[in-house]
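Okay, upload00.cif now, which holds mmCIF, C-alpha atoms:
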data_my_file
#
loop_
_atom_site.label_atom_id
_atom_site.label_comp_id
_atom_site.auth_asym_id
_atom_site.auth_seq_id
_atom_site.Cartn_x
_atom_site.Cartn_y
_atom_site.Cartn_z
CA MET H 1 27.17 32.02 73.21
CA SER H 2 27.53 34.83 70.67
CA LYS H 3 24.37 35.96 68.95
CA LYS H 4 24.20 36.29 65.17
CA ASN H 5 21.11 38.46 65.64
CA PRO H 6 18.43 38.87 68.38
CA ARG H 7 16.88 35.49 67.44
CA GLU H 8 19.82 33.28 66.38
CA TYR H 9 23.07 32.12 67.95
CA PHE H 10 26.38 31.69 66.14
CA ILE H 11 27.00 28.23 67.61
CA THR H 12 23.59 26.84 66.59
CA GLU H 13 24.20 28.02 63.04
CA LEU H 14 27.52 26.15 63.12
CA PHE H 15 25.81 22.94 64.27
CA ALA H 16 23.32 23.25 61.41
CA LYS H 17 26.18 23.59 58.91
CA VAL H 18 27.93 20.53 60.35
CA LYS H 19 24.76 18.45 60.12
CA LYS H 20 24.24 19.52 56.52
CA ALA H 21 27.85 18.72 55.66
CA ILE H 22 27.54 15.23 57.17
CA ASN H 23 24.32 14.52 55.27
CA GLU H 24 25.97 15.62 52.01
CA ASP H 25 29.13 13.64 52.82
CA ASP H 26 31.30 16.71 52.23
CA LEU H 27 34.63 15.45 53.62
CA ILE H 28 36.61 18.68 53.22
CA TYR H 29 33.89 20.80 54.73
CA ASN H 30 33.43 18.24 57.51
CA THR H 31 37.06 18.57 58.49
CA GLU H 32 36.81 22.35 58.81
CA MET H 33 33.57 22.16 60.78
CA PHE H 34 34.82 19.46 63.13
CA GLU H 35 37.91 21.57 63.84
CA SER H 36 35.64 24.52 64.69
CA LEU H 37 33.61 22.29 67.00
CA ARG H 38 36.79 21.07 68.67
CA ILE H 39 37.80 24.68 69.36
CA ILE H 40 34.35 25.42 70.80
CA GLU H 41 34.50 22.28 72.94
CA ASP H 42 37.90 23.29 74.32
CA SER H 43 36.59 26.80 75.02
CA LEU H 44 33.55 25.45 76.86
CA PHE H 45 35.72 23.15 78.99
CA THR H 46 37.93 26.14 79.81
CA LEU H 47 34.91 28.24 80.82
CA VAL H 48 33.51 25.47 83.05
CA GLU H 49 36.90 24.89 84.64
CA ALA H 50 37.35 28.62 85.24
CA ARG H 51 33.89 28.89 86.79
CA PHE H 52 34.55 26.01 89.20
CA TYR H 53 37.84 27.68 90.10
CA GLU H 54 35.96 30.90 90.91
CA LEU H 55 33.34 29.08 92.99
CA LYS H 56 36.06 27.34 94.97
CA HIS H 57 37.62 30.70 95.85
CA LEU H 58 34.23 32.24 96.63
CA ILE H 59 33.65 29.51 99.23
CA LYS H 60 37.15 29.79 100.69
CA LYS H 61 37.21 33.59 100.76
CA GLN H 62 33.59 33.93 101.95
CA TYR H 63 32.40 35.66 98.82
CA GLU H 64 34.99 38.42 98.77
CA LYS H 65 35.50 40.13 95.41
CA ILE H 66 37.83 38.27 93.06
CA TYR H 67 39.12 38.68 89.55
CA THR H 68 37.83 36.46 86.76
CA VAL H 69 40.28 33.68 86.01
CA GLY H 70 42.77 34.43 83.25
CA GLN H 71 41.94 38.14 83.05
CA ASP H 72 43.09 41.17 84.95
CA ILE H 73 39.52 42.31 85.57
CA PHE H 74 38.21 45.10 87.75
CA PRO H 75 34.44 45.30 88.30
CA ILE H 76 32.81 48.14 86.37
CA GLU H 77 31.63 49.90 89.52
CA GLU H 78 35.22 50.10 90.77
CA TYR H 79 36.57 51.61 87.57
CA GLN H 80 38.51 54.79 88.23
CA THR H 81 36.10 57.73 88.15
CA ASP H 82 36.49 59.90 85.06
CA GLU H 83 33.85 62.60 84.78
CA ILE H 84 34.61 63.30 81.12
CA LEU H 85 34.33 59.62 80.23
CA ASN H 86 31.11 59.16 82.22
CA LYS H 87 29.55 62.22 80.63
CA ALA H 88 30.56 60.98 77.17
CA ILE H 89 29.08 57.53 77.82
CA ASP H 90 25.78 59.08 78.93
CA ARG H 91 25.71 61.14 75.75
CA ILE H 92 26.52 58.16 73.53
CA LEU H 93 23.69 56.13 75.04
CA THR H 94 21.15 58.82 74.11
CA PHE H 95 21.98 58.13 70.45
CA ILE H 96 22.07 54.36 70.31
CA GLU H 97 21.25 51.28 72.37
CA LEU H 98 24.49 49.43 73.07
CA GLU H 99 25.42 46.13 74.65
CA GLN H 100 28.87 47.16 75.83
CA ILE H 101 31.43 49.96 75.73
CA TYR H 102 35.15 49.33 76.16
CA PHE H 103 37.52 52.19 77.01
CA PHE H 104 40.82 50.80 75.72
CA HIS H 105 43.23 53.71 75.24
CA LYS H 106 43.83 57.35 76.05
CA THR H 107 46.35 59.86 74.73
CA THR H 108 47.22 63.41 75.71
CA TYR H 109 49.19 65.68 73.39
CA GLY H 110 49.42 69.30 74.43
CA GLU H 111 45.97 70.41 75.51
CA VAL H 112 44.09 67.67 73.64
CA THR H 113 43.07 64.39 75.30
CA THR H 114 41.67 61.59 73.14
CA TYR H 115 39.56 58.71 74.47
CA TYR H 116 39.44 55.45 72.50
CA LEU H 117 36.15 53.55 72.81
CA LEU H 118 34.85 50.32 71.27
CA LEU H 119 31.05 50.34 70.95
CA ILE H 120 29.35 46.94 70.65
CA GLY H 121 25.73 46.74 69.58
CA LEU H 122 23.40 46.28 66.64
CA ASN H 123 23.36 48.88 63.84
CA VAL H 124 26.43 50.75 65.05
CA ASN H 125 26.94 52.07 61.55
CA ASN H 126 29.12 54.81 60.12
CA GLU H 127 26.40 57.46 60.15
CA LYS H 128 25.66 56.80 63.83
CA ILE H 129 29.37 57.04 64.67
CA LYS H 130 29.64 60.35 62.82
CA ALA H 131 26.55 61.76 64.54
CA ILE H 132 27.80 60.71 67.98
CA THR H 133 31.28 62.10 67.34
CA HIS H 134 29.82 65.43 66.16
CA SER H 135 27.63 65.61 69.27
CA LEU H 136 30.57 64.89 71.58
CA THR H 137 32.59 67.61 69.84
CA SER H 138 29.78 70.11 70.39
CA ILE H 139 29.83 69.29 74.13
CA PHE H 140 33.55 69.00 74.85
CA GLY H 141 35.00 71.25 72.16
CA LYS H 142 38.58 70.72 70.97
CA GLU H 143 40.00 69.90 74.39
CA TYR H 144 38.62 66.34 74.41
CA LYS H 145 38.28 64.05 71.41
CA PHE H 146 36.79 60.58 71.05
CA LEU H 147 37.86 57.82 68.70
CA LEU H 148 34.86 55.50 68.30
CA VAL H 149 35.12 52.03 66.80
CA GLY H 150 31.74 50.34 66.38
CA HIS H 151 30.80 46.73 65.58
CA ASP H 152 28.12 44.21 66.40
CA ARG H 153 29.08 41.09 68.34
CA TYR H 154 28.40 38.68 65.49
CA TRP H 155 30.64 40.63 63.07
CA ILE H 156 33.50 40.49 65.60
CA GLN H 157 33.01 36.73 66.07
CA LYS H 158 32.80 36.10 62.34
CA ASN H 159 36.05 37.99 61.62
CA LEU H 160 38.18 36.76 64.52
CA TYR H 161 40.27 34.64 62.15
CA GLN H 162 41.70 37.89 60.81
CA TYR H 163 41.21 40.56 63.50
CA GLN H 164 41.46 38.65 66.79
CA SER H 165 44.78 40.28 67.75
CA PHE H 166 43.04 43.66 67.74
CA PHE H 167 39.90 42.69 69.64
CA VAL H 168 41.37 40.28 72.19
CA PHE H 169 43.29 43.11 73.84
CA ILE H 170 40.34 45.50 73.89
CA MET H 171 37.55 43.17 75.02
CA GLN H 172 38.83 42.57 78.52
CA GLY H 173 37.05 43.19 81.79
CA LYS H 174 39.54 45.85 82.83
CA HIS H 175 38.49 47.96 79.81
CA LEU H 176 34.73 47.48 80.20
CA VAL H 177 33.04 50.73 81.24
CA TYR H 178 29.42 50.02 80.30
CA SER H 179 27.34 46.88 79.90
CA SER H 180 23.58 46.65 79.45
CA ASP H 181 23.61 43.11 80.86
CA LYS H 182 26.15 41.14 82.87
CA PHE H 183 25.46 38.00 80.83
CA HIS H 184 26.63 39.17 77.41
CA PRO H 185 28.61 36.31 75.81
CA GLU H 186 32.34 36.52 75.31
CA PRO H 187 33.73 35.79 71.83
CA HIS H 188 34.83 32.25 71.13
CA TRP H 189 38.50 33.17 70.75
CA GLU H 190 40.57 31.06 68.39
CA MET H 191 43.04 28.99 70.38
CA PRO H 192 45.74 28.91 69.22
CA HIS H 193 45.64 31.96 66.95
CA GLN H 194 48.38 32.82 64.47
CA PRO H 195 47.85 36.40 63.23
CA GLN H 196 48.57 36.92 59.54
CA HIS H 197 48.68 39.94 57.27
CA SER H 198 46.45 38.59 54.51
CA ASP H 199 46.60 40.63 51.29
CA LEU H 200 49.20 43.02 52.72
CA TYR H 201 50.90 42.98 49.33
CA PHE H 202 47.82 44.49 47.69
CA HIS H 203 47.29 47.08 50.44
CA TYR H 204 50.91 48.21 50.30
CA LYS H 205 50.97 48.25 46.50
CA SER H 206 47.78 50.33 46.39
CA THR H 207 49.25 52.91 48.78
CA LEU H 208 52.49 53.06 46.82
CA GLN H 209 50.71 53.53 43.51
CA SER H 210 48.58 56.31 44.98
CA SER H 211 51.80 58.12 45.92
CA LEU H 212 53.22 57.61 42.41
CA GLN H 213 50.02 58.89 40.82
CA PHE H 214 50.26 61.96 43.04
CA TYR H 215 53.77 62.66 41.74
CA LYS H 216 52.63 62.17 38.16
CA LEU H 217 50.04 64.89 38.59
CA ILE H 218 52.26 67.47 40.25
CA ASP H 219 55.05 66.88 37.72
CA GLY H 220 52.71 67.15 34.76
CA GLU H 221 51.46 70.33 33.09
CA GLN H 222 52.92 73.36 34.86
CA GLU H 223 50.80 74.32 37.88
CA ASN H 224 47.80 72.34 36.65
CA TYR H 225 46.86 70.70 39.93
CA GLN H 226 43.38 69.56 38.99
CA GLY H 227 42.78 66.26 40.77
CA VAL H 228 45.82 66.49 43.05
CA ASP H 229 43.65 67.08 46.11
CA ASN H 230 41.61 63.92 45.36
CA ILE H 231 44.68 61.73 44.83
CA PHE H 232 46.28 63.12 47.99
CA ALA H 233 43.14 62.26 49.98
CA LEU H 234 43.18 58.76 48.50
CA PHE H 235 46.83 58.31 49.47
CA LEU H 236 46.37 59.51 53.05
CA LEU H 237 43.41 57.21 53.69
CA SER H 238 45.18 54.29 52.02
CA PHE H 239 48.30 54.88 54.09
CA CYS H 240 46.37 55.02 57.37
CA ARG H 241 44.41 51.84 56.72
CA THR H 242 47.52 49.93 55.65
CA TYR H 243 49.58 51.21 58.59
CA ILE H 244 46.86 50.29 61.10
CA TYR H 245 46.56 46.85 59.54
CA VAL H 246 50.30 46.25 59.71
CA LYS H 247 50.56 47.30 63.35
CA THR H 248 47.32 45.89 64.81
CA PHE H 249 46.00 43.24 62.38
CA TYR H 250 42.80 45.30 62.04
CA LEU H 251 41.60 46.86 58.79
CA PRO H 252 39.13 49.69 59.49
CA ASN H 253 36.48 50.76 56.99
CA TYR H 254 34.42 53.89 56.47
CA MET H 255 36.09 56.09 59.06
CA THR H 256 36.96 59.76 58.79
CA SER H 257 40.57 60.63 58.05
CA GLU H 258 41.03 62.09 61.55
CA ALA H 259 39.71 58.89 63.14
CA LEU H 260 42.07 56.83 61.00
CA TRP H 261 45.02 58.99 62.02
CA GLN H 262 44.05 58.62 65.68
CA LEU H 263 44.05 54.85 65.18
CA CYS H 264 47.51 55.12 63.60
CA ILE H 265 48.70 56.80 66.81
CA TYR H 266 47.08 54.02 68.84
CA ALA H 267 48.82 51.45 66.62
CA ASP H 268 52.23 53.08 67.18
CA LYS H 269 52.56 56.24 69.25
CA TYR H 270 55.77 57.24 67.45
CA ILE H 271 53.82 58.04 64.28
CA TYR H 272 52.67 61.19 66.09
CA LYS H 273 56.07 62.70 65.26
CA TYR H 274 54.63 63.48 61.81
CA ASN H 275 51.78 65.52 63.22
CA TYR H 276 53.80 68.70 62.68
CA MET H 277 53.38 68.23 58.91
CA PHE H 278 49.62 68.34 59.27
CA GLU H 279 49.81 71.46 61.41
CA GLN H 280 51.78 73.22 58.66
CA PHE H 281 48.94 72.62 56.22
CA SER H 282 47.14 75.84 55.32
CA ASN H 283 43.77 74.53 56.57
CA ASN H 284 42.53 71.57 58.59
CA ILE H 285 44.02 68.61 56.76
CA PHE H 286 41.36 66.16 57.94
CA SER H 287 38.47 68.34 56.74
CA PHE H 288 40.39 68.85 53.49
CA THR H 289 40.87 65.09 53.04
CA ASP H 290 37.28 64.13 53.83
CA TYR H 291 35.94 66.84 51.52
CA ASN H 292 38.10 65.60 48.65
CA MET H 293 36.97 62.00 48.88
CA SER H 294 34.08 63.00 46.63
CA VAL H 295 33.96 64.77 43.26
CA HIS H 296 33.20 68.50 43.12
CA HIS H 297 32.61 70.22 39.79
CA SER H 298 34.98 73.11 40.31
CA VAL H 299 38.39 74.23 39.16
CA GLY H 300 41.21 73.00 41.38
CA LYS H 301 42.24 75.58 43.98
CA VAL H 302 45.40 73.87 45.19
CA ASP H 303 48.35 76.26 45.00
CA THR H 304 52.06 75.50 44.77
CA GLU H 305 52.66 76.04 48.48
CA LYS H 306 49.99 73.53 49.43
CA VAL H 307 51.27 71.03 46.84
CA ASN H 308 54.77 71.26 48.32
CA CYS H 309 53.33 70.55 51.75
CA MET H 310 51.47 67.55 50.36
CA LYS H 311 54.66 66.35 48.71
CA ILE H 312 56.48 66.31 52.06
CA ILE H 313 53.63 64.40 53.70
CA VAL H 314 53.49 61.78 50.94
CA LYS H 315 57.27 61.33 51.00
CA LYS H 316 57.59 61.02 54.80
CA LEU H 317 54.63 58.70 55.26
CA MET H 318 55.61 56.48 52.33
CA ASP H 319 59.12 56.19 53.76
CA GLU H 320 57.62 55.18 57.11
CA LEU H 321 55.44 52.53 55.51
CA LYS H 322 58.35 51.18 53.49
CA GLU H 323 60.47 50.89 56.63
CA THR H 324 57.70 48.99 58.39
CA VAL H 325 56.60 46.67 55.59
CA VAL H 326 59.56 46.13 53.25
CA ASN H 327 62.51 46.58 55.60
CA GLY H 328 60.51 44.80 58.29
CA LYS H 329 60.35 41.75 55.98
CA LEU H 330 56.56 41.51 56.17
CA LEU H 331 56.50 40.69 52.44
CA ASP H 332 58.44 37.81 50.99
CA ASP H 333 61.17 38.48 48.42
CA PHE H 334 58.98 37.44 45.50
CA LYS H 335 56.26 39.98 46.31
CA THR H 336 58.81 42.70 47.07
CA ASN H 337 60.49 42.12 43.70
CA LEU H 338 57.10 42.06 42.00
CA ILE H 339 56.38 45.55 43.33
CA CYS H 340 59.79 46.74 42.13
CA ASP H 341 59.25 45.30 38.65
CA LYS H 342 55.91 47.02 38.20
CA THR H 343 56.99 50.39 39.55
CA GLU H 344 58.08 53.12 37.20
CA SER H 345 61.75 53.67 38.05
CA ALA H 346 61.85 57.10 36.40
CA ILE H 347 59.26 58.46 38.83
CA LEU H 348 61.03 56.90 41.80
CA SER H 349 64.40 58.34 40.76
CA GLU H 350 63.16 61.82 39.91
CA ASN H 351 61.32 62.26 43.19
CA LYS H 352 63.74 60.22 45.29
CA ILE H 353 60.99 57.84 46.35
CA ASP H 354 61.83 54.49 47.88
CA LEU H 355 59.67 51.41 47.64
#

Would you kindly transcribe this structure into structure tokens?
Amino acid sequence: MSKKNPREYFITELFAKVKKAINEDDLIYNTEMFESLRIIEDSLFTLVEARFYELKHLIKKQYEKIYTVGQDIFPIEEYQTDEILNKAIDRILTFIELEQIYFFHKTTYGEVTTYYLLLIGLNVNNEKIKAITHSLTSIFGKEYKFLLVGHDRYWIQKNLYQYQSFFVFIMQGKHLVYSSDKFHPEPHWEMPHQPQHSDLYFHYKSTLQSSLQFYKLIDGEQENYQGVDNIFALFLLSFCRTYIYVKTFYLPNYMTSEALWQLCIYADKYIYKYNYMFEQFSNNIFSFTDYNMSVHHSVGKVDTEKVNCMKIIVKKLMDELKETVVNGKLLDDFKTNLICDKTESAILSENKIDL
């Protein structure tokens, strides 16, 4: 059973809510709770059935190693040896006590290899992630990078209704590379689960309006680019979060711009084709973006050349998002038309921007 914290379990909290709902004769709430209990009951029956199936094979095969039923699982000790990964895991564990680490993806572009890891444990907060990432960079340099996603088990369980499609692929035995205990509970997966893009209209609209605000600034007073760097940073982060959400049904929070871009590449490897635009930027675009997510009392130092580079990035990425969301029919006609009605057509026409 999943723990809410070191002293409480998620399922016992659910039973308490059901009991309270029954005592208060809350019919609507009862229905929702009873449906949750039915799902848990089905999951428990499945686990018991799977365990008996395993025991049957253990007896027949004289205790030879087998895979867990329903999962393509390889025992941790048999995981393919990767010295870089093992060294990184050892380093991570010096910073924070974790329950599990899942190694779920790996990319190599040119001379740079990126490892994607999900860290599960208590207090895996943004500051810890940043500190760990910085430490790994100091050890491995630019040749190896690490995308770290961190959550506690209860948060994952609580948000499965929205993010299950993202986590159900990652949290499999074949991806598990570290576990502090072999008895950590598995999430109570929703069965069946219909993934939905809740509030996608608002995420897409926010990204679009950030791009329009960017164009307003650069087309305003001649070469007065004060604030352009901040709006550009807002657009890039908004684009990444929306794109990741569209592709994976996961909405990340409080990550650096580079980490978000790495997750975009995980979500769809073809987005990497736009990496050349970042490389043409006069300085590191991710450092530039993160720096400009806060206010600095100084005169804007963005020149025309850099603004033109930003303009290309905004245009290309907004076109990509439009192709995915609007042309992909992820929004119904009413919401698509609502965006069109509230968008300033003059700005769209002048800058050749599509919705």

(message) On this structure, the PyMOL selection byres ((chain H and resi 246) around 9) would catch which residues? List them as a list in words, sorted by chain and number.
(response)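 On the file shown, the PyMOL selection byres ((chain H and resi 246) around 9) covers His197, Leu200, Arg241, Thr242, Tyr243, Ile244, Tyr245, Lys247, Thr248, Phe249, Tyr250, Leu251, Ala267, Thr324, Val325 and Leu330 of chain H.
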
(request) Apply the PyMOL selection byres ((chain H and resi 175-183) around 8) to the file shown and report the selected residues as number ranges by chain. (result) H: 76, 79, 89, 98-104, 170-174, 184-185

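Among the candidates H:Met277, H:Leu236, H:Leu338, H:Ile22, the residue lying nearest to Ile312 (chain H) is H:Met277 (atoms considered: all atoms listed in the file).
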
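The interatomic distance for the pair CA of Lys17 (chain H) and CA of Ile39 (chain H) works out to 15.7 Å.
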
(request) May I ask for the distance between CA of Tyr144 (chain H) and CA of Asn292 (chain H), given in Å to one decimal place? (result)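 Computing the Euclidean distance for CA of Tyr144 (chain H) and CA of Asn292 (chain H) yields 25.8 Å.
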
(request) Pick out the closest residue to Lys205 (chain H) from this set: H:Ala16, H:Glu279, H:Val326, H:Ile218. Count only C-alpha atoms. (result) H:Val326

(message) Could you check the closest approach to Tyr115 (chain H) for each of H:Lys19, H:Lys322, H:His203, H:Lys145 and tell me which residue wins, using all atoms listed in the file?
(response) H:Lys145

(message) Between CA of Lys106 (chain H) and CA of Met191 (chain H), what distance in Å does the model show, to one decimal?
(response)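 Atom-to-atom, CA of Lys106 (chain H) and CA of Met191 (chain H) are spaced 28.9 Å apart.
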
(message) Residues within 10 Å of Asn230 (chain H), please, as a ChimeraX atom specification. Count all atoms listed in the file; anything in the same chain fewer than 2 positions from it doesn't count.
(response) /H:214,226-228,232-235,288-296,300

Could you pull out every residue with an atom within 10 Å of (41.4, 37.7, 65.1), file coordinates, counting only C-alpha atoms, and send them as a PDB file with C-alpha atoms, in the frame of the given file?
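Done, and the output landed in point02.pdb:
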ATOM      1  CA  ILE H 156      33.500  40.490  65.600  1.00  0.00           C
ATOM      2  CA  GLN H 157      33.010  36.730  66.070  1.00  0.00           C
ATOM      3  CA  LYS H 158      32.800  36.100  62.340  1.00  0.00           C
ATOM      4  CA  ASN H 159      36.050  37.990  61.620  1.00  0.00           C
ATOM      5  CA  LEU H 160      38.180  36.760  64.520  1.00  0.00           C
ATOM      6  CA  TYR H 161      40.270  34.640  62.150  1.00  0.00           C
ATOM      7  CA  GLN H 162      41.700  37.890  60.810  1.00  0.00           C
ATOM      8  CA  TYR H 163      41.210  40.560  63.500  1.00  0.00           C
ATOM      9  CA  GLN H 164      41.460  38.650  66.790  1.00  0.00           C
ATOM     10  CA  SER H 165      44.780  40.280  67.750  1.00  0.00           C
ATOM     11  CA  PHE H 166      43.040  43.660  67.740  1.00  0.00           C
ATOM     12  CA  PHE H 167      39.900  42.690  69.640  1.00  0.00           C
ATOM     13  CA  VAL H 168      41.370  40.280  72.190  1.00  0.00           C
ATOM     14  CA  TRP H 189      38.500  33.170  70.750  1.00  0.00           C
ATOM     15  CA  GLU H 190      40.570  31.060  68.390  1.00  0.00           C
ATOM     16  CA  HIS H 193      45.640  31.960  66.950  1.00  0.00           C
ATOM     17  CA  GLN H 194      48.380  32.820  64.470  1.00  0.00           C
ATOM     18  CA  PRO H 195      47.850  36.400  63.230  1.00  0.00           C
ATOM     19  CA  GLN H 196      48.570  36.920  59.540  1.00  0.00           C
ATOM     20  CA  PHE H 249      46.000  43.240  62.380  1.00  0.00           C
ATOM     21  CA  TYR H 250      42.800  45.300  62.040  1.00  0.00           C
TER      22      TYR H 250
END

(message) Ranking H:Ile265, H:Leu237, H:Leu260, H:Met255 by minimum distance to Gly150 (chain H) and counting only C-alpha atoms, which one comes first?
(response) H:Met255

(message) With all atoms listed in the file as the counted atoms, please give the residues lying no more than 12 Å from Gln262 (chain H), apart from itself and same-chain residues fewer than 6 positions off, as number ranges by chain.
(response) H: 105-109, 113-117, 145-149, 240-241, 243-244, 252, 255-256, 268-272, 275, 286

(request) Would you please work out which residue, of H:Ile339, H:Val48, H:Ile129, H:Ile40, is nearest to Tyr201 (chain H) when using all atoms listed in the file? (result)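 The answer is H:Ile339, which sits nearest to Tyr201 (chain H).
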